[in-house]
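Engineer: Please read through the structure below; I'll follow up with questions.
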Amino acid sequence: MSDLDPLDPPRGAGGRPVAGVLILLSQMRTALRARHYSPHTEKAYLAWVRRLVAYAGGRHPIDIGRAEVSAFLWRITARGPASASTQNQAASAVAFLFREVLGRSAAGLAPGSRPKPSARVPVVLTPAEVDGVLKALRGTSRLMVALLYGSGVRLSECCRLQVRDLDFGRHQIVVRGGKGEKDRTTLLPERLVEPLRQQLGRLRALYQRDLDDGTADRPRSARTPPPSGREEARAAVTCPGGRDWGGRWLFPASRLRVDPETGLLWRSHVHPNVLQRDFAVAARVAGLAKPATCHTLRHSFATRLLETGSDVRTIQELLGHRDVATTLLYTRGARRRGREGRIRSPLDGAFESRWRPEPEEPGNRQD
């Protein structure tokens, strides 16, 4: 069962499942996807709606009064230390439910003004600390972590990169369908050009094997619409088997996945949890005292660019931030220097050692 579906459906006073609540969750999921909310936001919003229904004794939200909703939101802060982002997320989820799904006014639901997020200085790694983490990694994990630091892409964006997204000639990476369903370009570090070419060579061998086994593409179910003429033309790009080589995952998963609709096997991209786990182990081996995660590399990328003279607007475009204020949060505490003539990836700066990602055949890692 999907994590978006309730494991224990809400029950009414008589102990029977409330079918209307399950329909409501499905309607809210559809509304979130129609407005291009991210999968993480979708999952979080649905969880808050389930908590609201449970708080109201399993009743449908249409039957819940405004005072009861406000009491639920107040209860989040009263039960223990809840961060400002958690409180704001709960209020936004409930407001979305009433405004976009139930068609009711969301005014007055939140208990007063929303709390402001804490203004903390982000964790930033020095080049020496990044170098220590990279030394503790091997194979594809090392290449992906280097790409996170050298290009500033998000972890999920890195896992979903495709072959066509690499532009070696212009030293650019195209990030497709990022946060807010927006495309952008960012830096492709010169140091990673050769390792990425080697990755593509190993990926071709795996792709040919998957083509022979029939597991290269996700199976189409009866409900999946047929490809358009443009998609068919794009699939005719020269590659083994006549398939779309450019649409291959740059970092494929090691294990095949079962499609829930057809029951057939196919190969997806590497799961973000795999890299998060490898990074945590490498951080301990490197002896980092800072609470670093994969997202810390994105902060480090932005801070390093600002310190070497890049302007904030350029960094904003590379990171894909809608508001420059978000970029300033990423670079808080950075000491800006004189502007350089050319924007360079932090990975192309001075490191204690010149490492190279060790060869590893795609598909041999344990996801």
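Every chain in the structure tokens has a letter given in the order shown (A, B, ...), and although residue numbers restart at 1 in each chain, ligands are simply numbered from 1 in the order shown.
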Given only C-alpha atoms, how would the per-residue table for region 79-184 of chain A near region 25-38 of chain A read, listing every residue at most 7 Å away with its closest atom pair and distance in Å to one decimal, sorted by chain and number, as a Markdown table?

Structural biologist:
```
| residue | atom | partner | partner_atom | distance |
| --- | --- | --- | --- | --- |
| A:Leu97 | CA | A:Met28 | CA | 6.8 |
| A:Val101 | CA | A:Met28 | CA | 6.0 |
| A:Lys179 | CA | A:Ser38 | CA | 7.0 |
| A:Gly180 | CA | A:His36 | CA | 6.6 |
| A:Glu181 | CA | A:His36 | CA | 6.6 |
```

Engineer: What is the distance, in Å and to one decimal place, between CA of His299 (chain A) and CA of Val123 (chain A)?

Structural biologist: 7.2 Å

Engineer: Run DSSP on the backbone and give me the residues of region 150-301 of chain A it puts in strand (DSSP E or B), as JSON, numbers by chain.

Structural biologist: {"A": [162, 166, 167, 172, 173, 174, 175, 184, 185, 186, 187, 249, 252, 257, 258, 265, 266, 269]}

Engineer: Generate a file of the selected residues that holds N, CA and C atoms, formatted as an mmCIF file, in the first residue's frame.

Structural biologist:
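This is the output file selection.cif:
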```
data_model
loop_
_atom_site.group_PDB
_atom_site.id
_atom_site.type_symbol
_atom_site.label_atom_id
_atom_site.label_comp_id
_atom_site.auth_asym_id
_atom_site.auth_seq_id
_atom_site.Cartn_x
_atom_site.Cartn_y
_atom_site.Cartn_z
ATOM 1 N N GLN A 162 18.950 12.985 -16.001
ATOM 2 C CA GLN A 162 18.947 12.099 -17.159
ATOM 3 C C GLN A 162 20.155 12.397 -18.040
ATOM 4 N N LEU A 166 23.000 16.644 -19.352
ATOM 5 C CA LEU A 166 24.409 17.022 -19.287
ATOM 6 C C LEU A 166 24.801 17.734 -20.581
ATOM 7 N N ASP A 167 25.303 18.946 -20.459
ATOM 8 C CA ASP A 167 25.789 19.719 -21.600
ATOM 9 C C ASP A 167 27.282 19.941 -21.396
ATOM 10 N N GLN A 172 27.239 22.900 -18.490
ATOM 11 C CA GLN A 172 25.981 23.182 -17.819
ATOM 12 C C GLN A 172 25.208 21.897 -17.550
ATOM 13 N N ILE A 173 24.383 21.948 -16.530
ATOM 14 C CA ILE A 173 23.436 20.872 -16.216
ATOM 15 C C ILE A 173 22.039 21.471 -16.281
ATOM 16 N N VAL A 174 21.148 20.813 -17.001
ATOM 17 C CA VAL A 174 19.760 21.251 -17.077
ATOM 18 C C VAL A 174 18.964 20.503 -16.009
ATOM 19 N N VAL A 175 18.378 21.243 -15.093
ATOM 20 C CA VAL A 175 17.531 20.657 -14.050
ATOM 21 C C VAL A 175 16.088 20.794 -14.506
ATOM 22 N N ARG A 184 15.730 24.863 -14.978
ATOM 23 C CA ARG A 184 16.805 25.853 -14.859
ATOM 24 C C ARG A 184 18.109 25.199 -15.293
ATOM 25 N N THR A 185 19.150 25.992 -15.418
ATOM 26 C CA THR A 185 20.486 25.468 -15.691
ATOM 27 C C THR A 185 21.398 25.840 -14.544
ATOM 28 N N THR A 186 22.382 24.995 -14.291
ATOM 29 C CA THR A 186 23.376 25.265 -13.263
ATOM 30 C C THR A 186 24.736 24.808 -13.776
ATOM 31 N N LEU A 187 25.751 24.912 -12.929
ATOM 32 C CA LEU A 187 27.121 24.644 -13.353
ATOM 33 C C LEU A 187 27.422 23.150 -13.414
ATOM 34 N N TRP A 249 18.056 7.402 -16.912
ATOM 35 C CA TRP A 249 18.520 7.936 -15.625
ATOM 36 C C TRP A 249 20.042 7.930 -15.600
ATOM 37 N N PRO A 252 21.087 5.149 -12.171
ATOM 38 C CA PRO A 252 20.011 4.157 -12.037
ATOM 39 C C PRO A 252 20.119 3.379 -10.730
ATOM 40 N N ARG A 257 12.464 -2.506 -9.876
ATOM 41 C CA ARG A 257 11.276 -2.158 -9.105
ATOM 42 C C ARG A 257 10.054 -2.774 -9.771
ATOM 43 N N VAL A 258 9.088 -3.183 -8.942
ATOM 44 C CA VAL A 258 7.841 -3.747 -9.458
ATOM 45 C C VAL A 258 6.843 -2.621 -9.667
ATOM 46 N N LEU A 265 8.608 -5.729 -13.906
ATOM 47 C CA LEU A 265 9.835 -5.141 -13.375
ATOM 48 C C LEU A 265 10.355 -4.040 -14.295
ATOM 49 N N TRP A 266 10.937 -3.008 -13.699
ATOM 50 C CA TRP A 266 11.600 -1.954 -14.455
ATOM 51 C C TRP A 266 12.644 -1.302 -13.553
ATOM 52 N N HIS A 269 15.421 5.352 -10.965
ATOM 53 C CA HIS A 269 16.659 6.017 -10.538
ATOM 54 C C HIS A 269 16.990 5.635 -9.100
#
```

Engineer: May I ask which of the residues A:His60, A:Arg176, A:Arg322, A:Arg255 is the closest one to Leu161 (chain A), counting only C-alpha atoms?

Structural biologist: A:Arg176

Engineer: Measuring atom to atom with only C-alpha atoms, identify which of A:Val285, A:Ala334, A:Leu155, A:Leu196 is nearest to Ala302 (chain A).

Structural biologist: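 Of all the options, A:Ala334 lies closest to Ala302 (chain A).
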
Engineer: Determine the nearest neighbour of Thr331 (chain A) from the options A:Ala146, A:Leu188, A:Ala292, A:Val121, counting only C-alpha atoms.

Structural biologist: A:Val121

Engineer: Rank nothing, just name the residue among A:Ala56, A:Ala205, A:Val124, A:Leu256 nearest to Tyr330 (chain A), using only C-alpha atoms.

Structural biologist: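 Closest residue, counting only C-alpha atoms: A:Val124.
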
Engineer: By how many Å are CA of Leu52 (chain A) and CA of Pro39 (chain A) apart?

Structural biologist: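 Interatomic distance here is 20.2 Å.
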